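K.L.:
Sharing a structure below in structure tokens format, with a few things to ask.
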Amino acid sequence: MASKADSSNFAQAEKRRDTDHESFLAHKRMRWLKISAVLCLIVVISYFLVDVEPRHNGGTWYGYTLGTIGALLIAWLSVLGIRKRNISEGKWSLKAWTSAHVYLGLALIVIGTMHTGFQLGWNVHTLAWALMMLVIVSGIYGISVYAALPRALSNNMREMTRKQMVEGLAALDRQLDSAAQPLDRMEADAVINATQQDAFRAGLLARLTGSYPRCATKRALKAFPDGALNKHEEKVASLLRKRKSQLGQIRRHMRYKALLEVWLFVHIPATIALLAALTAHIVSVFYYW
Amino acid sequence: MPETYRVAIVGSGPAGLSAAARAAQLGMSHILIEKTDHLSDTIYKYQKGKHVMATPSNLVLRSDVDFDAGKREFILDTWDRQIEECKANVRLNSEVTAITGTTGAFTIEIKGGETIQAEAVIMAIGTQGNPNKLRCPGADMPHIQYQLDDPGEYFDEQITVVGSGDAGIENALGLAADPAQRNIVTILNRSAEFARAKPANVTLLEEAERDGRISVRRETTPTDVRDKQLVLETRDGAETIPCDRIIARTGSQPPRGFVEKCGIEFTSEERSAFPKLSPSFETTQQGIHVIGALAGYPLIKHCMNQGYDVVEFLNGNADLKPADEPILAEKFSALPGNRSVDEWLEVFRENIVILRELSPLQMRELMLDGSVAAFDAGDVIFVRNDPGSSMFAIAEGSVSVEVNPADTSITVPIGRGSIFGEVGLISGRRRGSTVRAAEPVITLELSRTAALKLLATAPTADRAVRQITIERQLLQMFGSGLTPQDVTEMVEAAEAVEIRAGQNVIEEDADDTDFYVIQRGSMIVEKTIGGKPVFLSYLPAGSYFGEMAVIDGNRRSATVKAAIKSEVIKFPGDAFMRLLERNPKVRERALADMASRRQINAFVEERKESFSGAVDMYSETAKFLIDNGIGEATDVLLIDETLCVGCDNCEKACADSHEGLSRLDREAGRTYAHLHVPTSCRHCEHPHCMADCPPNAIKRGADGEVFIDETCIGCGNCQRNCPYGVIRMDPKPPKKPSLLSWLMFGAGPGPGEASYSWRKKTAQKKGLEQAKLAIKCDMCAGIDGGPACVRACPTGAAIRVAPEKFLTFTKLAEDVD
Ligand SMILES: Cc1cc2nc3c(=O)[nH]c(=O)nc-3n(C[C@H](O)[C@H](O)[C@H](O)COP(=O)(O)OP(=O)(O)OC[C@H]3O[C@@H](n4cnc5c(N)ncnc54)[C@H](O)[C@@H]3O)c2cc1C
Ligand code: HEM
């Protein structure tokens, strides 16, 4: 068919085809880091320049200004969860969003804290601030693992998909099953214990640390000490060693994935709690006006 | 004296049975001869429950037998019933082995020795061909079979599979899958490696071998098939094994040999050629007709219509208009002049040089695949850099080509009868210049597939297009100022050379001086530095190389080798030299190009001295990408695994922008130095998937994307042909509840591809049609913003790039700085 290609579309596609990998942290030469830094600088300087009576707190005109900016920012930061999942048309890029999210989120430390005028106490207002800080701290953890772990995750995969790792384990188990036939009862039981232990039933702690003290494969290997092994036992021992190393790969994979995801289980619920506390904070402020 | 039939129809596929039904209806004496014990073997062999499509939808069905889209079983039942009802004379279990004689007196030999006499023959044997037989005594024993429909049917048997391709391995694995069947399965491989099979299948087979489920015998061939025994020739001598059943999967012979033996000529030597046919489907062997897939019409509706038509023609109905007449009439109605279909066909055939040798039947087919248009003077036909992959021919009027993007007033005319746009077609890349109608013009646009079919069937067209292509490519490469006369010498001396992947075209330090242009495929340039080959650059189709030695008279400074199977045009260096001498502007241009290439080479060499590690890395990475087929890619997804957190948002985004199925598998695929090439379409320059698509449903779109349109019939050919495994066959999933209702109430499966069970259950509940169709990446064409996988990556790990942009030395400069 004659393609009367829309030339603007084509230009866009050509530009895309001429890109290179660039981390969200470095997006557009750190554009959002610069914007955030300037924002923080303005806030800090104005905090000391602006003289409000009796002293800085959320209730002054300056406090209201920072509060409004902060609340809007929090609302916008929360929208990332939707942006990530709503794959609508348009020129947006989630990477740009994440980049802005991270740097503007960090700027909230300054904006939110200056907004309080360091007047913290045991009340809903401070709760909102504390939740905000919790979200931010978890976010900082998030970007540190995002920066550090992908390399390790990739090295550990060795070009295998998760499914292939699981299949590799299943294949070893089938081989172990038949290799264990000639063994005596005790040894056979050890092998069966090893192959029947579900590799994926692991608690959060085990997942995060990658340490599995009750690993049946490790225990089974103890039943086949080096040296006095016959031909059958030698074969089983070598299969068990392979199983252990395959398990190791799967467990490291699970560990990196868990470390990369666990913080979101704080970041997201805390965001929801923050939004609630923030609403309460704003409503109460206006109510008691 | 045995009865002589008016017509014998060989093959009972949709084409043959429609012909038989027509003959029965007309009361013409006939016989329908079928090799197998059932009608329509090709369709019989479809997967159980397959949804059969009735494309093209605008073509009316003209047959005494019914056909509409539906389940395989329903269609076969209908045909069996209707063939019986219309009292067609069918003879099953009869393989035709030879056809001899002339019009009025043909003798058709049936395997086993019987013969049938007929005045005319219709061959409708399809293109499936015959499976290769074992080449040893006993090859005709009844316990040898060539197909395995259901591996679950066999119990307690000693089964030997012969053949080391995917079909053989899959059969062996299927037979051994369930230990409860207690089969003892052996697979024989003539060589030591399983080189022809997919790596995934080989892995599974090796695993089954280790587990003792399948006995794999390498370097082993069958030498004697006996009852319950098989004699093998192994490396250590003869051996006899027990064997109840043999499954032979050693490929099949296309039917061409048989057809040629009957005295029928084909249009060319090409594998894709078809028999030469008259408008009434008669071959060069008078009295024998060919219809259906064998005639080049691979869709059921075409086949059935032709079965009807050919019998009508035989019955003396000369006025019958082909069933596609209304479609052509509709096509031509857009053109000025009020001519009839036949008149238009003649105008196009007469005026367009490359169509002159086509028969009226071929003309019709070509016009069905092509599109015609009329333009007024000044209208734009296509724009420079459009990625169209079609070729135009001028039936009336002329066009002007804007050869210089900087100055649109410089144009070159192309007149009536000639072609244009052929560069985009041959190399699968972009339009080189804008083309406008110089006066009112009527064009025929041929899709890439239609054009390639034409070139394969019409040798003079092929030669003409090649010449024009070379000439224009030269003119375009060196910009303004050149006329066709300037390059005549080069064009005449040009020679097309096929290059295997990895083969050197130019070798470093050699003293030849030929000059080359890449016609298809791509090249890499390497130089040996410190004893190691270092990657210098990547040259896509349309680039030239070898100019340096011609210009400066030195030895070759680098090696140029094919990244993939390629074709280059070779020009003698002295002809190129004379071209430069005569045209100072071209010389200037060539010198400038050469200088910039030199600069790159010098840069890499200098880096190599100071940053040897970085250069090696760059070189290795380039090699890795080339090894993974990037050399034929135009747009490829690359993931930087130092940035990828494994969130799979790319896959989810893909599914959510395309009816709920992901067309990419992030985890799968190769990785080197943290650069990962996931399983995702690369939009090959010459897509393998397009090669064998019955409804021509695979096309290249406006942004360069290779996509499958709605005429897909779900045959799976493209999936088998894709070497990168990026096409999947799946029914369109039901619509999911909205994101909002998932967020608020947890309705539906959430973002991304829904699980198989959810899709299946929901589709059943809603009573949706579950026809499997081919799906693949379409580069998010038509979606504002471009590929969703890239836009939805939170960390910047996923990009889609053009290889010639990604594989430049600027990467090296950036990485080191
Ligand atoms: C998996 C798959 C799915 C497809 N899906 C569709 C679809 O959905 N819609 C569609 O329109 N098309 C589809 N096609 C294409 C379509 O099936 C074929 O193009 C069509 O069947 C060709 O019809 P035919 O009559 O020319 O030959 P065939 O259907 O191939 O029939 C040839 C017959 O001749 C017999 N024969 C061969 N040699 C001899 C001999 N020497 N003596 C006697 N008999 C002989 C064979 O046994 C066979 O029965 C599909 C193809 C495949 C492979
Ligand atoms: C009050 C401030 C913040 C709020 C309300 C907030 C809220 C959110 C929300 C709702 C998400 C979406 C999670 C999901 O749906 O998967 C998210 C993701 C994220 N946030 Fe924050 N965030 C805040 C601050 C920060 C800060 C300071 C950082 C970093 C320093 C940060 C880093 C991230 C990252 C890296 C993601 C993950 C992006 C992804 O993987 O898609 N956030 N945040």
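Each chain in the structure tokens gets a letter, A, B, ..., in the order shown, and its residues are numbered from 1; ligands are numbered from 1 in order too.
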Would you kindly return, as an mmCIF file with N, CA and C atoms, in the first residue's frame, each protein, DNA or RNA residue with an atom no farther than 12 Å from any atom of Ser278 in chain B, considering only C-alpha atoms and excluding same-chain residues fewer than 5 positions away?
P.N.:
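The result, written out as out.cif:
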```cif
data_model
loop_
_atom_site.group_PDB
_atom_site.id
_atom_site.type_symbol
_atom_site.label_atom_id
_atom_site.label_comp_id
_atom_site.auth_asym_id
_atom_site.auth_seq_id
_atom_site.Cartn_x
_atom_site.Cartn_y
_atom_site.Cartn_z
ATOM 1 N N THR B 283 -1.839 -25.910 -19.074
ATOM 2 C CA THR B 283 -0.383 -25.848 -18.958
ATOM 3 C C THR B 283 0.245 -25.924 -20.341
ATOM 4 N N THR B 284 1.580 -25.947 -20.368
ATOM 5 C CA THR B 284 2.270 -26.076 -21.644
ATOM 6 C C THR B 284 2.060 -27.468 -22.245
ATOM 7 N N GLN B 285 1.590 -28.404 -21.435
ATOM 8 C CA GLN B 285 1.218 -29.714 -21.966
ATOM 9 C C GLN B 285 -0.281 -29.648 -22.253
ATOM 10 N N GLN B 286 -0.629 -29.460 -23.518
ATOM 11 C CA GLN B 286 -2.041 -29.248 -23.850
ATOM 12 C C GLN B 286 -2.922 -30.343 -23.283
ATOM 13 N N GLY B 287 -4.067 -29.926 -22.736
ATOM 14 C CA GLY B 287 -4.997 -30.909 -22.193
ATOM 15 C C GLY B 287 -4.832 -31.134 -20.707
ATOM 16 N N ILE B 288 -3.676 -30.732 -20.166
ATOM 17 C CA ILE B 288 -3.503 -30.840 -18.714
ATOM 18 C C ILE B 288 -3.650 -29.448 -18.106
ATOM 19 N N HIS B 289 -4.470 -29.353 -17.094
ATOM 20 C CA HIS B 289 -4.727 -28.081 -16.434
ATOM 21 C C HIS B 289 -4.200 -28.145 -15.012
ATOM 22 N N VAL B 290 -3.794 -27.004 -14.489
ATOM 23 C CA VAL B 290 -3.339 -26.974 -13.097
ATOM 24 C C VAL B 290 -4.110 -25.892 -12.359
ATOM 25 N N ILE B 291 -4.647 -26.243 -11.197
ATOM 26 C CA ILE B 291 -5.388 -25.264 -10.395
ATOM 27 C C ILE B 291 -4.984 -25.391 -8.926
ATOM 28 N N ALA B 295 -1.072 -24.027 -8.579
ATOM 29 C CA ALA B 295 -1.063 -22.981 -9.589
ATOM 30 C C ALA B 295 -0.665 -21.644 -8.989
ATOM 31 N N VAL B 310 -12.482 -24.068 -14.159
ATOM 32 C CA VAL B 310 -11.745 -24.886 -15.120
ATOM 33 C C VAL B 310 -12.685 -25.900 -15.785
ATOM 34 N N PHE B 313 -14.729 -24.042 -18.352
ATOM 35 C CA PHE B 313 -13.934 -23.809 -19.568
ATOM 36 C C PHE B 313 -13.877 -25.083 -20.407
ATOM 37 N N LEU B 358 3.530 -11.278 -19.425
ATOM 38 C CA LEU B 358 2.585 -11.972 -18.558
ATOM 39 C C LEU B 358 1.371 -12.456 -19.345
ATOM 40 N N SER B 359 0.819 -13.584 -18.896
ATOM 41 C CA SER B 359 -0.416 -14.090 -19.501
ATOM 42 C C SER B 359 -1.587 -13.326 -18.883
ATOM 43 N N PRO B 360 -2.752 -13.341 -19.534
ATOM 44 C CA PRO B 360 -3.909 -12.652 -18.952
ATOM 45 C C PRO B 360 -4.215 -13.148 -17.541
ATOM 46 N N LEU B 361 -4.022 -14.442 -17.303
ATOM 47 C CA LEU B 361 -4.298 -14.980 -15.979
ATOM 48 C C LEU B 361 -3.343 -14.378 -14.943
ATOM 49 N N GLN B 362 -2.069 -14.332 -15.303
ATOM 50 C CA GLN B 362 -1.080 -13.738 -14.397
ATOM 51 C C GLN B 362 -1.371 -12.256 -14.183
ATOM 52 N N MET B 363 -1.809 -11.580 -15.244
ATOM 53 C CA MET B 363 -2.149 -10.159 -15.132
ATOM 54 C C MET B 363 -3.241 -9.967 -14.095
ATOM 55 N N ARG B 364 -4.262 -10.802 -14.183
ATOM 56 C CA ARG B 364 -5.372 -10.692 -13.241
ATOM 57 C C ARG B 364 -4.879 -10.837 -11.818
#
```
K.L.:
Near chain B, which residues of chain A fall within 8 Å when you count only C-alpha atoms, and what do they look like as an NGL selection string?
P.N.:
:A and (1-5 or 7 or 9-10 or 13 or 16-25 or 84-98 or 146-147 or 149-151 or 154-155 or 159-162 or 171 or 174-175 or 178 or 257 or 260)
K.L.:
For the selection you just gave me, I'd like the residues written to a file as a compact mmCIF listing (two decimals), in the first residue's frame, keeping N, CA and C atoms.
P.N.:
```txt
# COMPACT_ATOMS: atom_id res chain seq x y z
N MET A 1 0.84 -1.20 0.00
CA MET A 1 0.00 0.00 0.00
C MET A 1 0.87 1.25 0.00
N ALA A 2 0.40 2.26 -0.66
CA ALA A 2 1.14 3.52 -0.66
C ALA A 2 1.06 4.10 0.74
N SER A 3 2.20 4.34 1.32
CA SER A 3 2.17 4.86 2.67
C SER A 3 2.50 6.33 2.62
N LYS A 4 1.48 7.13 2.70
CA LYS A 4 1.71 8.57 2.76
C LYS A 4 2.06 8.85 4.22
N ALA A 5 3.25 8.42 4.59
CA ALA A 5 3.62 8.48 6.00
C ALA A 5 3.58 9.91 6.51
N SER A 7 5.00 12.65 8.11
CA SER A 7 6.44 12.83 8.25
C SER A 7 6.84 13.15 9.68
N ASN A 9 5.58 11.83 12.37
CA ASN A 9 5.67 10.54 13.02
C ASN A 9 6.99 9.86 12.71
N PHE A 10 7.35 9.97 11.45
CA PHE A 10 8.58 9.33 11.00
C PHE A 10 9.79 9.98 11.67
N ALA A 13 10.02 8.68 15.06
CA ALA A 13 10.53 7.30 15.09
C ALA A 13 12.03 7.28 14.83
N ARG A 16 13.89 8.26 17.88
CA ARG A 16 13.89 7.16 18.84
C ARG A 16 14.92 6.10 18.46
N ARG A 17 15.01 5.80 17.15
CA ARG A 17 15.93 4.75 16.71
C ARG A 17 17.38 5.15 16.89
N ASP A 18 17.62 6.42 17.16
CA ASP A 18 18.99 6.90 17.32
C ASP A 18 19.29 7.22 18.78
N THR A 19 18.70 6.47 19.72
CA THR A 19 18.95 6.77 21.12
C THR A 19 19.95 5.78 21.70
N ASP A 20 20.27 6.02 22.96
CA ASP A 20 21.15 5.11 23.66
C ASP A 20 20.58 4.90 25.06
N HIS A 21 21.10 3.89 25.75
CA HIS A 21 20.61 3.67 27.10
C HIS A 21 21.02 4.83 28.01
N GLU A 22 20.09 5.26 28.84
CA GLU A 22 20.38 6.35 29.77
C GLU A 22 19.53 6.10 31.00
N SER A 23 20.14 6.09 32.15
CA SER A 23 19.43 5.77 33.38
C SER A 23 18.43 6.87 33.73
N PHE A 24 17.37 6.47 34.45
CA PHE A 24 16.39 7.48 34.88
C PHE A 24 17.04 8.52 35.78
N LEU A 25 18.09 8.12 36.49
CA LEU A 25 18.74 9.09 37.38
C LEU A 25 19.48 10.16 36.58
N LYS A 84 2.11 4.49 35.69
CA LYS A 84 2.85 3.27 35.40
C LYS A 84 1.95 2.20 34.78
N ARG A 85 0.68 2.24 35.14
CA ARG A 85 -0.20 1.16 34.70
C ARG A 85 -1.18 1.56 33.61
N ASN A 86 -1.34 2.84 33.42
CA ASN A 86 -2.28 3.29 32.41
C ASN A 86 -1.49 3.59 31.14
N ILE A 87 -1.40 2.60 30.27
CA ILE A 87 -0.55 2.76 29.09
C ILE A 87 -1.35 3.48 28.01
N SER A 88 -1.52 4.77 28.18
CA SER A 88 -2.29 5.53 27.22
C SER A 88 -1.37 6.01 26.09
N GLU A 89 -1.99 6.52 25.05
CA GLU A 89 -1.18 7.06 23.95
C GLU A 89 -0.50 8.36 24.38
N GLY A 90 0.47 8.79 23.62
CA GLY A 90 1.07 10.08 23.90
C GLY A 90 2.56 9.97 24.09
N LYS A 91 3.18 11.13 24.13
CA LYS A 91 4.64 11.13 24.13
C LYS A 91 5.29 11.00 25.50
N TRP A 92 4.52 10.59 26.50
CA TRP A 92 5.11 10.49 27.84
C TRP A 92 6.11 9.33 27.91
N SER A 93 7.05 9.44 28.85
CA SER A 93 7.91 8.29 29.10
C SER A 93 7.97 8.09 30.60
N LEU A 94 7.79 6.84 31.00
CA LEU A 94 7.77 6.55 32.43
C LEU A 94 9.13 6.86 33.06
N LYS A 95 10.15 6.75 32.27
CA LYS A 95 11.48 7.04 32.77
C LYS A 95 11.59 8.51 33.18
N ALA A 96 11.07 9.40 32.34
CA ALA A 96 11.08 10.83 32.68
C ALA A 96 10.27 11.06 33.94
N TRP A 97 9.14 10.37 34.02
CA TRP A 97 8.31 10.50 35.22
C TRP A 97 9.07 10.06 36.46
N THR A 98 9.71 8.89 36.36
CA THR A 98 10.43 8.38 37.54
C THR A 98 11.54 9.34 37.93
N TYR A 146 17.79 -0.04 43.07
CA TYR A 146 17.64 0.06 41.61
C TYR A 146 18.99 0.33 40.96
N ALA A 147 19.83 1.07 41.67
CA ALA A 147 21.13 1.39 41.10
C ALA A 147 22.10 0.23 41.26
N LEU A 149 21.46 -3.30 42.26
CA LEU A 149 21.19 -4.72 42.08
C LEU A 149 21.02 -5.26 40.66
N PRO A 150 20.53 -4.47 39.71
CA PRO A 150 20.29 -5.06 38.39
C PRO A 150 21.50 -5.80 37.83
N ARG A 151 22.68 -5.28 38.03
CA ARG A 151 23.89 -5.92 37.53
C ARG A 151 24.03 -7.33 38.11
N SER A 154 21.42 -9.67 36.72
CA SER A 154 21.77 -10.09 35.37
C SER A 154 22.90 -11.11 35.38
N ASN A 155 23.93 -10.87 36.19
CA ASN A 155 25.04 -11.83 36.26
C ASN A 155 24.55 -13.20 36.70
N GLU A 159 21.89 -15.86 31.35
CA GLU A 159 21.05 -16.05 30.16
C GLU A 159 19.94 -17.06 30.34
N MET A 160 19.62 -17.40 31.59
CA MET A 160 18.50 -18.32 31.79
C MET A 160 17.28 -17.51 32.21
N THR A 161 16.11 -17.95 31.74
CA THR A 161 14.90 -17.32 32.24
C THR A 161 14.53 -18.03 33.54
N ARG A 162 13.63 -17.41 34.28
CA ARG A 162 13.19 -18.00 35.53
C ARG A 162 12.61 -19.40 35.27
N ALA A 171 14.39 -31.11 36.01
CA ALA A 171 15.11 -32.14 35.27
C ALA A 171 16.08 -32.87 36.19
N ARG A 174 14.22 -35.32 38.31
CA ARG A 174 13.86 -36.58 37.63
C ARG A 174 15.08 -37.50 37.58
N GLN A 175 16.22 -36.91 37.30
CA GLN A 175 17.43 -37.74 37.24
C GLN A 175 17.75 -38.31 38.61
N SER A 178 15.58 -41.40 39.53
CA SER A 178 15.97 -42.72 39.01
C SER A 178 17.35 -43.13 39.53
N LYS A 257 15.31 -10.18 43.48
CA LYS A 257 13.98 -9.69 43.14
C LYS A 257 13.26 -9.17 44.39
N LEU A 260 14.56 -5.91 45.40
CA LEU A 260 14.14 -4.86 44.47
C LEU A 260 12.68 -4.48 44.65
```
K.L.:
I want to know what sits within 10 Å of Val266 in chain A, based on only C-alpha atoms, with residues of the same chain fewer than 2 positions away left out; could you give that as JSON, numbers by chain?
P.N.:
{"A": [134, 135, 137, 138, 139, 261, 262, 263, 264, 268, 269, 270, 271]}
K.L.:
Put those residues in a file: C-alpha atoms, as a PDB file, in the first residue's frame.
P.N.:
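Generated file (out06.pdb):
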```
ATOM      1  CA  LEU A 134       8.814   7.287  55.733  1.00  0.00           C
ATOM      2  CA  VAL A 135       7.758   7.254  52.080  1.00  0.00           C
ATOM      3  CA  VAL A 137      13.210   7.098  53.129  1.00  0.00           C
ATOM      4  CA  SER A 138      11.791   3.965  51.550  1.00  0.00           C
ATOM      5  CA  GLY A 139      12.141   5.678  48.178  1.00  0.00           C
ATOM      6  CA  GLU A 261      10.483  -5.126  45.355  1.00  0.00           C
ATOM      7  CA  VAL A 262      10.211  -5.235  49.143  1.00  0.00           C
ATOM      8  CA  TRP A 263      10.468  -1.504  49.621  1.00  0.00           C
ATOM      9  CA  LEU A 264       7.394  -0.940  47.469  1.00  0.00           C
ATOM     10  CA  ILE A 268       2.885   2.287  48.471  1.00  0.00           C
ATOM     11  CA  PRO A 269       0.908   1.594  51.688  1.00  0.00           C
ATOM     12  CA  ALA A 270       2.716   4.480  53.367  1.00  0.00           C
ATOM     13  CA  THR A 271       1.729   6.672  50.426  1.00  0.00           C
TER      14      THR A 271
END
```
K.L.:
From range 130-314 of chain B, collect each residue whose DSSP state is strand (DSSP E) and return the set as JSON, numbers by chain.
P.N.:
{"B": [130, 131, 144, 145, 158, 159, 160, 161, 162, 184, 185, 186, 187, 188, 214, 215, 216, 217, 221, 222, 223, 224, 225, 226, 229, 230, 231, 232, 233, 234, 237, 238, 239, 240, 241, 242, 245, 246, 247, 248, 252, 253, 288, 289, 290]}
K.L.:
Ligand 1: which residues are within 6 Å, counting only C-alpha atoms and all ligand atoms, as a PyMOL selection string?
P.N.:
chain B and resi 10-16+33-36+39-43+46+52-55+94-97+124-128+292-294+298-301+303+713+715
